file model-v9.pdb (PDB, C-alpha atoms)
ATOM      1  CA  MET X   1     -76.529 -45.308  63.698
ATOM      2  CA  THR X   2     -78.565 -45.042  66.872
ATOM      3  CA  GLU X   3     -79.363 -48.023  69.012
ATOM      4  CA  LEU X   4     -83.020 -47.891  67.962
ATOM      5  CA  GLU X   5     -82.067 -47.886  64.257
ATOM      6  CA  ALA X   6     -79.780 -50.871  64.845
ATOM      7  CA  LEU X   7     -82.592 -52.761  66.597
ATOM      8  CA  LYS X   8     -84.973 -52.017  63.725
ATOM      9  CA  ALA X   9     -82.429 -53.218  61.137
ATOM     10  CA  ILE X  10     -81.833 -56.417  63.098
ATOM     11  CA  ASP X  11     -85.576 -57.041  63.471
ATOM     12  CA  GLU X  12     -86.191 -56.536  59.752
ATOM     13  CA  SER X  13     -83.346 -58.867  58.810
ATOM     14  CA  LEU X  14     -84.220 -61.641  61.271
ATOM     15  CA  SER X  15     -87.962 -61.579  60.571
ATOM     16  CA  ARG X  16     -87.259 -62.838  57.026
ATOM     17  CA  LEU X  17     -85.505 -65.972  58.312
ATOM     18  CA  ASP X  18     -86.972 -69.206  59.646
ATOM     19  CA  GLU X  19     -86.376 -70.127  63.302
ATOM     20  CA  GLU X  20     -83.371 -72.346  62.630
ATOM     21  CA  ALA X  21     -81.606 -69.704  60.505
ATOM     22  CA  ARG X  22     -82.375 -66.989  63.094
ATOM     23  CA  THR X  23     -80.863 -69.154  65.808
ATOM     24  CA  ARG X  24     -77.671 -69.709  63.783
ATOM     25  CA  VAL X  25     -77.327 -65.988  63.011
ATOM     26  CA  LEU X  26     -77.864 -64.937  66.610
ATOM     27  CA  ARG X  27     -75.444 -67.550  67.950
ATOM     28  CA  TRP X  28     -72.867 -66.371  65.416
ATOM     29  CA  ALA X  29     -73.352 -62.743  66.523
ATOM     30  CA  ALA X  30     -73.126 -63.678  70.205
ATOM     31  CA  ASP X  31     -69.865 -65.542  69.530
ATOM     32  CA  LYS X  32     -68.428 -62.820  67.283
ATOM     33  CA  TYR X  33     -69.090 -60.045  69.778
ATOM     34  CA  LYS X  34     -68.131 -62.221  72.753
ATOM     35  CA  MET X  35     -71.435 -61.682  74.499
ATOM     36  CA  THR X  36     -71.059 -63.592  77.742
ATOM     37  CA  GLY X  37     -74.350 -64.571  79.286
ATOM     38  CA  ALA X  38     -76.201 -64.178  75.973
ATOM     39  CA  SER X  39     -78.626 -66.996  75.356
ATOM     40  CA  VAL X  40     -80.096 -67.942  71.995
ATOM     41  CA  ARG X  41     -82.754 -70.623  72.355
ATOM     42  CA  THR X  42     -85.027 -72.545  70.016
ATOM     43  CA  ASP X  43     -88.753 -72.958  70.688
ATOM     44  CA  ALA X  44     -88.021 -76.333  72.261
ATOM     45  CA  GLU X  45     -85.477 -74.798  74.603
ATOM     46  CA  VAL X  46     -87.908 -72.052  75.618
ATOM     47  CA  THR X  47     -90.227 -74.723  77.027
ATOM     48  CA  ARG X  48     -87.446 -75.925  79.295
ATOM     49  CA  THR X  49     -88.308 -76.141  82.971
ATOM     50  CA  PRO X  50     -85.910 -76.183  85.912
ATOM     51  CA  ALA X  51     -84.201 -79.500  86.357
ATOM     52  CA  GLY X  52     -85.439 -81.348  89.388
ATOM     53  CA  SER X  53     -85.077 -84.863  88.208
ATOM     54  CA  THR X  54     -84.723 -88.000  90.194
ATOM     55  CA  ALA X  55     -82.541 -89.384  87.403
ATOM     56  CA  ALA X  56     -79.136 -90.339  88.774
ATOM     57  CA  ALA X  57     -76.942 -89.851  85.704
ATOM     58  CA  SER X  58     -75.950 -86.263  85.021
ATOM     59  CA  ASP X  59     -74.495 -86.846  81.562
ATOM     60  CA  LEU X  60     -76.053 -88.452  78.529
ATOM     61  CA  PRO X  61     -73.418 -91.135  77.868
ATOM     62  CA  THR X  62     -73.855 -92.516  81.401
ATOM     63  CA  TYR X  63     -77.663 -92.283  81.239
ATOM     64  CA  PHE X  64     -77.717 -93.951  77.806
ATOM     65  CA  ASN X  65     -75.294 -96.704  78.846
ATOM     66  CA  GLU X  66     -77.408 -97.549  81.897
ATOM     67  CA  ALA X  67     -80.420 -98.144  79.646
ATOM     68  CA  GLN X  68     -78.628-100.107  76.920
ATOM     69  CA  PRO X  69     -81.417 -99.518  74.369
ATOM     70  CA  GLY X  70     -81.645-101.902  71.436
ATOM     71  CA  SER X  71     -83.761-100.515  68.604
ATOM     72  CA  GLY X  72     -83.562 -97.072  67.038
ATOM     73  CA  ALA X  73     -86.890 -96.172  68.632
ATOM     74  CA  GLU X  74     -85.613 -97.227  72.071
ATOM     75  CA  LYS X  75     -82.491 -95.124  71.578
ATOM     76  CA  ALA X  76     -84.629 -92.099  70.677
ATOM     77  CA  LEU X  77     -86.845 -92.792  73.707
ATOM     78  CA  VAL X  78     -83.862 -92.865  76.079
ATOM     79  CA  VAL X  79     -82.370 -89.629  74.738
ATOM     80  CA  GLY X  80     -85.812 -87.971  74.872
ATOM     81  CA  ALA X  81     -86.145 -89.064  78.500
ATOM     82  CA  TRP X  82     -82.728 -87.594  79.249
ATOM     83  CA  PHE X  83     -83.856 -84.237  77.809
ATOM     84  CA  GLN X  84     -86.981 -84.338  79.969
ATOM     85  CA  GLU X  85     -85.647 -85.836  83.202
ATOM     86  CA  VAL X  86     -82.102 -84.563  83.430
ATOM     87  CA  GLN X  87     -82.088 -81.432  81.285
ATOM     88  CA  GLY X  88     -85.558 -80.295  82.385
ATOM     89  CA  PHE X  89     -87.138 -79.850  78.952
ATOM     90  CA  THR X  90     -90.913 -80.027  78.782
ATOM     91  CA  ASP X  91     -90.813 -80.649  75.010
ATOM     92  CA  PHE X  92     -87.953 -81.387  72.627
ATOM     93  CA  GLU X  93     -87.322 -81.607  68.880
ATOM     94  CA  SER X  94     -86.459 -84.858  67.156
ATOM     95  CA  SER X  95     -83.437 -83.104  65.623
ATOM     96  CA  MET X  96     -82.092 -82.483  69.144
ATOM     97  CA  VAL X  97     -82.415 -86.202  69.895
ATOM     98  CA  ASN X  98     -80.761 -87.269  66.648
ATOM     99  CA  ARG X  99     -77.902 -84.796  67.181
ATOM    100  CA  GLU X 100     -77.166 -86.406  70.563
ATOM    101  CA  LEU X 101     -77.473 -89.904  69.079
ATOM    102  CA  LYS X 102     -74.866 -88.895  66.470
ATOM    103  CA  HIS X 103     -72.520 -87.746  69.237
ATOM    104  CA  LEU X 104     -73.020 -91.107  70.966
ATOM    105  CA  GLY X 105     -72.228 -92.948  67.720
ATOM    106  CA  TYR X 106     -75.800 -94.151  67.079
ATOM    107  CA  PRO X 107     -77.355 -91.791  64.513
ATOM    108  CA  SER X 108     -80.891 -92.656  63.510
ATOM    109  CA  SER X 109     -81.402 -93.513  59.863
ATOM    110  CA  ASN X 110     -84.897 -91.971  60.156
ATOM    111  CA  ILE X 111     -85.635 -90.169  63.421
ATOM    112  CA  THR X 112     -89.188 -89.293  62.330
ATOM    113  CA  ARG X 113     -89.964 -92.976  61.805
ATOM    114  CA  ASP X 114     -88.520 -93.781  65.244
ATOM    115  CA  PHE X 115     -90.803 -91.224  66.903
ATOM    116  CA  ASP X 116     -93.785 -92.393  64.831
ATOM    117  CA  ASP X 117     -93.099 -95.918  66.125
ATOM    118  CA  LEU X 118     -93.114 -94.656  69.726
ATOM    119  CA  MET X 119     -96.346 -92.712  69.156
ATOM    120  CA  ASN X 120     -98.083 -95.696  67.533
ATOM    121  CA  ARG X 121     -97.430 -98.080  70.424
ATOM    122  CA  ARG X 122    -100.187 -98.821  72.922
ATOM    123  CA  PRO X 123     -99.928 -97.250  75.372
ATOM    124  CA  LYS X 124     -98.258 -94.315  73.626
ATOM    125  CA  LEU X 125     -94.698 -93.732  74.804
ATOM    126  CA  VAL X 126     -94.391 -90.329  73.113
ATOM    127  CA  VAL X 127     -96.858 -87.640  72.034
ATOM    128  CA  GLN X 128     -96.369 -84.878  69.503
ATOM    129  CA  THR X 129     -97.104 -81.536  71.169
ATOM    130  CA  ARG X 130     -96.557 -79.103  68.325
ATOM    131  CA  LYS X 131     -95.824 -78.881  64.616
ATOM    132  CA  SER X 132     -94.516 -75.725  62.971
ATOM    133  CA  GLY X 133     -95.165 -75.650  59.252
ATOM    134  CA  SER X 134     -97.403 -77.643  56.971
ATOM    135  CA  THR X 135     -94.916 -79.909  55.205
ATOM    136  CA  LYS X 136     -94.088 -83.442  56.246
ATOM    137  CA  GLN X 137     -90.592 -82.212  57.157
ATOM    138  CA  ALA X 138     -91.918 -79.454  59.462
ATOM    139  CA  ARG X 139     -90.363 -79.095  62.907
ATOM    140  CA  LYS X 140     -92.169 -81.151  65.511
ATOM    141  CA  LEU X 141     -92.002 -81.036  69.285
ATOM    142  CA  TYR X 142     -92.397 -84.215  71.319
ATOM    143  CA  ARG X 143     -92.922 -85.186  74.949
ATOM    144  CA  LEU X 144     -92.588 -88.584  76.606
ATOM    145  CA  THR X 145     -95.716 -89.833  78.320
ATOM    146  CA  HIS X 146     -95.750 -91.297  81.806
ATOM    147  CA  GLU X 147     -95.588 -94.729  80.171
ATOM    148  CA  GLY X 148     -92.589 -93.643  78.082
ATOM    149  CA  LEU X 149     -90.717 -92.438  81.145
ATOM    150  CA  SER X 150     -91.615 -95.676  82.947
ATOM    151  CA  GLU X 151     -90.260 -97.704  80.031
ATOM    152  CA  VAL X 152     -86.938 -95.863  80.205
ATOM    153  CA  ALA X 153     -86.807 -96.383  83.970
ATOM    154  CA  LYS X 154     -87.248-100.128  83.360
ATOM    155  CA  LEU X 155     -84.482-100.075  80.754
ATOM    156  CA  ARG X 156     -82.179 -98.299  83.196
ATOM    157  CA  GLY X 157     -82.981-100.824  85.922
ATOM    158  CA  HIS X 158     -84.961 -98.452  88.165
ATOM    159  CA  ARG X 159     -88.061-100.605  88.490
TER     160      ARG X 159
END

call {"tool": "encode", "arguments": {"input": "model-v9.pdb", "output": "structure tokens"}}
result
Amino acid sequence: MTELEALKAIDESLSRLDEEARTRVLRWAADKYKMTGASVRTDAEVTRTPAGSTAAASDLPTYFNEAQPGSGAEKALVVGAWFQEVQGFTDFESSMVNRELKHLGYPSSNITRDFDDLMNRRPKLVVQTRKSGSTKQARKLYRLTHEGLSEVAKLRGHR
């Protein structure tokens, strides 16, 4: 099989999968073939910008502990701020936030409801920037507003 035929076969196979399945398949292939330097990113990760944050904590547990959030929405807000400030993401998926909350031992019982709560506050702490798909469970991208980032700074004691 020529390289071009292999590329065509891969394209045909991957085009039938949704983004999440494509990402899993490509990560599996990169691991299987020990492709160092290979990067498989989701749409949210593609919007990542270089980190240049003024946030002091370089790891999420430290950042989260400094804020000591109370409610589920506050916890989601803090992790979202960490993605934006420390990791340099412009936008992020709620699933990314909930995955990190699980690692910290605070999984959200309903991450969508937590983000809806943050979007319904006045002023808004979070905005939805994109929705892929038409169902209620479609992937959504979020971004903290200036007010949301300020709220996290207050929680972390950086007034």

call {"tool": "axis_aligned_box", "arguments": {"input": "model-v9.pdb", "around": "region 140-155 of chain X", "padding_each_side": "8 Å", "output": "AutoDock Vina command-line options"}}
result
--center_x -90.1 --center_y -90.6 --center_z 74.7 --size_x 27.3 --size_y 35.1 --size_z 34.5

call {"tool": "residues_near_point", "arguments": {"input": "model-v9.pdb", "point": "(-82.1, -86.6, 79.6)", "cutoff": "10 Å", "atoms": "only C-alpha atoms", "output": "ChimeraX atom specification"}}
result
/X:53,55,57-61,63-64,77-89,97

call {"tool": "atom_distance", "arguments": {"input": "model-v9.pdb", "atom1": "CA of Thr112 (chain X)", "atom2": "CA of Ala67 (chain X)"}}
result
21.3 Å

call {"tool": "residues_near_point", "arguments": {"input": "model-v9.pdb", "point": "(-89.7, -82.7, 69.3)", "cutoff": "6 Å", "atoms": "all atoms listed in the file", "output": "list in words"}}
result
Phe92, Glu93, Ser94, Lys140, Leu141 and Tyr142 of chain X

call {"tool": "closest_residue", "arguments": {"input": "model-v9.pdb", "among": "X:Thr62, X:Ser13, X:Thr2, X:Thr90", "to": "Arg130 (chain X)", "atoms": "all atoms listed in the file"}}
result
X:Thr90

call {"tool": "residues_around", "arguments": {"input": "model-v9.pdb", "residues": "Asn98 (chain X)", "least_positions_apart": "6", "cutoff": "9 Å", "atoms": "all atoms listed in the file", "output": "NGL selection string"}}
result
:X and (76 or 79 or 106-108 or 111)

call {"tool": "atom_distance", "arguments": {"input": "model-v9.pdb", "atom1": "CA of Lys154 (chain X)", "atom2": "CA of Glu66 (chain X)"}}
result
10.3 Å

call {"tool": "resolve_selection", "arguments": {"input": "model-v9.pdb", "expression": "the PyMOL selection byres ((chain X and resi 126) around 7)", "output": "list in words"}}
result
Leu118, Met119, Lys124, Leu125, Val127, Gln128, Tyr142, Arg143, Leu144, Thr145 and Gly148 of chain X

call {"tool": "atom_distance", "arguments": {"input": "model-v9.pdb", "atom1": "CA of Phe115 (chain X)", "atom2": "CA of Ala73 (chain X)"}}
result
6.5 Å

call {"tool": "closest_residue", "arguments": {"input": "model-v9.pdb", "among": "X:Arg99, X:Glu74, X:Leu104, X:Tyr33", "to": "Leu149 (chain X)", "atoms": "all atoms listed in the file"}}
result
X:Glu74

call {"tool": "decode", "arguments": {"input": "model-v9.pdb", "residues": "region 76-140 of chain X", "atoms": "C-alpha atoms", "output": "mmCIF file, in the first residue's frame"}}
result
data_model
loop_
_atom_site.group_PDB
_atom_site.id
_atom_site.type_symbol
_atom_site.label_atom_id
_atom_site.label_comp_id
_atom_site.auth_asym_id
_atom_site.auth_seq_id
_atom_site.Cartn_x
_atom_site.Cartn_y
_atom_site.Cartn_z
ATOM 1 C CA ALA X 76 -16.515 24.406 37.886
ATOM 2 C CA LEU X 77 -15.693 28.130 37.733
ATOM 3 C CA VAL X 78 -12.314 27.623 39.422
ATOM 4 C CA VAL X 79 -11.313 24.729 37.161
ATOM 5 C CA GLY X 80 -12.465 26.704 34.098
ATOM 6 C CA ALA X 81 -10.318 29.631 35.238
ATOM 7 C CA TRP X 82 -7.354 27.296 35.627
ATOM 8 C CA PHE X 83 -7.804 26.121 32.017
ATOM 9 C CA GLN X 84 -7.911 29.732 30.835
ATOM 10 C CA GLU X 85 -5.308 31.365 33.078
ATOM 11 C CA VAL X 86 -2.739 28.661 33.651
ATOM 12 C CA GLN X 87 -3.185 26.303 30.711
ATOM 13 C CA GLY X 88 -3.818 29.086 28.183
ATOM 14 C CA PHE X 89 -7.096 27.814 26.729
ATOM 15 C CA THR X 90 -9.340 30.382 25.091
ATOM 16 C CA ASP X 91 -12.358 28.046 25.332
ATOM 17 C CA PHE X 92 -12.874 24.729 27.105
ATOM 18 C CA GLU X 93 -15.435 21.917 27.246
ATOM 19 C CA SER X 94 -17.472 21.183 30.345
ATOM 20 C CA SER X 95 -16.334 17.551 30.086
ATOM 21 C CA MET X 96 -12.722 18.720 30.502
ATOM 22 C CA VAL X 97 -13.712 20.564 33.682
ATOM 23 C CA ASN X 98 -15.656 17.623 35.095
ATOM 24 C CA ARG X 99 -12.783 15.231 34.321
ATOM 25 C CA GLU X 100 -10.434 17.411 36.394
ATOM 26 C CA LEU X 101 -13.018 17.722 39.181
ATOM 27 C CA LYS X 102 -13.192 13.903 39.281
ATOM 28 C CA HIS X 103 -9.408 13.724 39.634
ATOM 29 C CA LEU X 104 -9.625 16.219 42.508
ATOM 30 C CA GLY X 105 -12.323 14.116 44.195
ATOM 31 C CA TYR X 106 -15.192 16.548 43.509
ATOM 32 C CA PRO X 107 -17.093 15.240 40.468
ATOM 33 C CA SER X 108 -20.090 17.309 39.468
ATOM 34 C CA SER X 109 -23.432 15.550 39.640
ATOM 35 C CA ASN X 110 -24.538 17.702 36.669
ATOM 36 C CA ILE X 111 -21.810 19.793 35.044
ATOM 37 C CA THR X 112 -24.235 21.288 32.502
ATOM 38 C CA ARG X 113 -26.420 22.605 35.318
ATOM 39 C CA ASP X 114 -23.344 24.085 37.024
ATOM 40 C CA PHE X 115 -22.384 25.975 33.861
ATOM 41 C CA ASP X 116 -25.999 27.054 33.290
ATOM 42 C CA ASP X 117 -25.961 28.492 36.826
ATOM 43 C CA LEU X 118 -22.788 30.464 36.047
ATOM 44 C CA MET X 119 -24.250 31.749 32.766
ATOM 45 C CA ASN X 120 -27.524 32.807 34.416
ATOM 46 C CA ARG X 121 -25.877 34.961 37.083
ATOM 47 C CA ARG X 122 -25.768 38.729 36.667
ATOM 48 C CA PRO X 123 -23.199 39.667 35.639
ATOM 49 C CA LYS X 124 -22.517 36.476 33.688
ATOM 50 C CA LEU X 125 -19.481 34.591 34.963
ATOM 51 C CA VAL X 126 -19.324 32.241 31.964
ATOM 52 C CA VAL X 127 -20.478 32.436 28.343
ATOM 53 C CA GLN X 128 -21.093 29.609 25.915
ATOM 54 C CA THR X 129 -18.997 30.188 22.792
ATOM 55 C CA ARG X 130 -19.938 27.216 20.650
ATOM 56 C CA LYS X 131 -22.251 24.224 20.455
ATOM 57 C CA SER X 132 -21.608 21.283 18.150
ATOM 58 C CA GLY X 133 -24.734 19.289 17.432
ATOM 59 C CA SER X 134 -28.407 19.967 17.915
ATOM 60 C CA THR X 135 -29.228 17.776 20.909
ATOM 61 C CA LYS X 136 -29.306 18.953 24.495
ATOM 62 C CA GLN X 137 -26.265 16.741 25.147
ATOM 63 C CA ALA X 138 -24.225 18.325 22.317
ATOM 64 C CA ARG X 139 -20.653 19.379 23.055
ATOM 65 C CA LYS X 140 -20.435 22.955 24.250
#
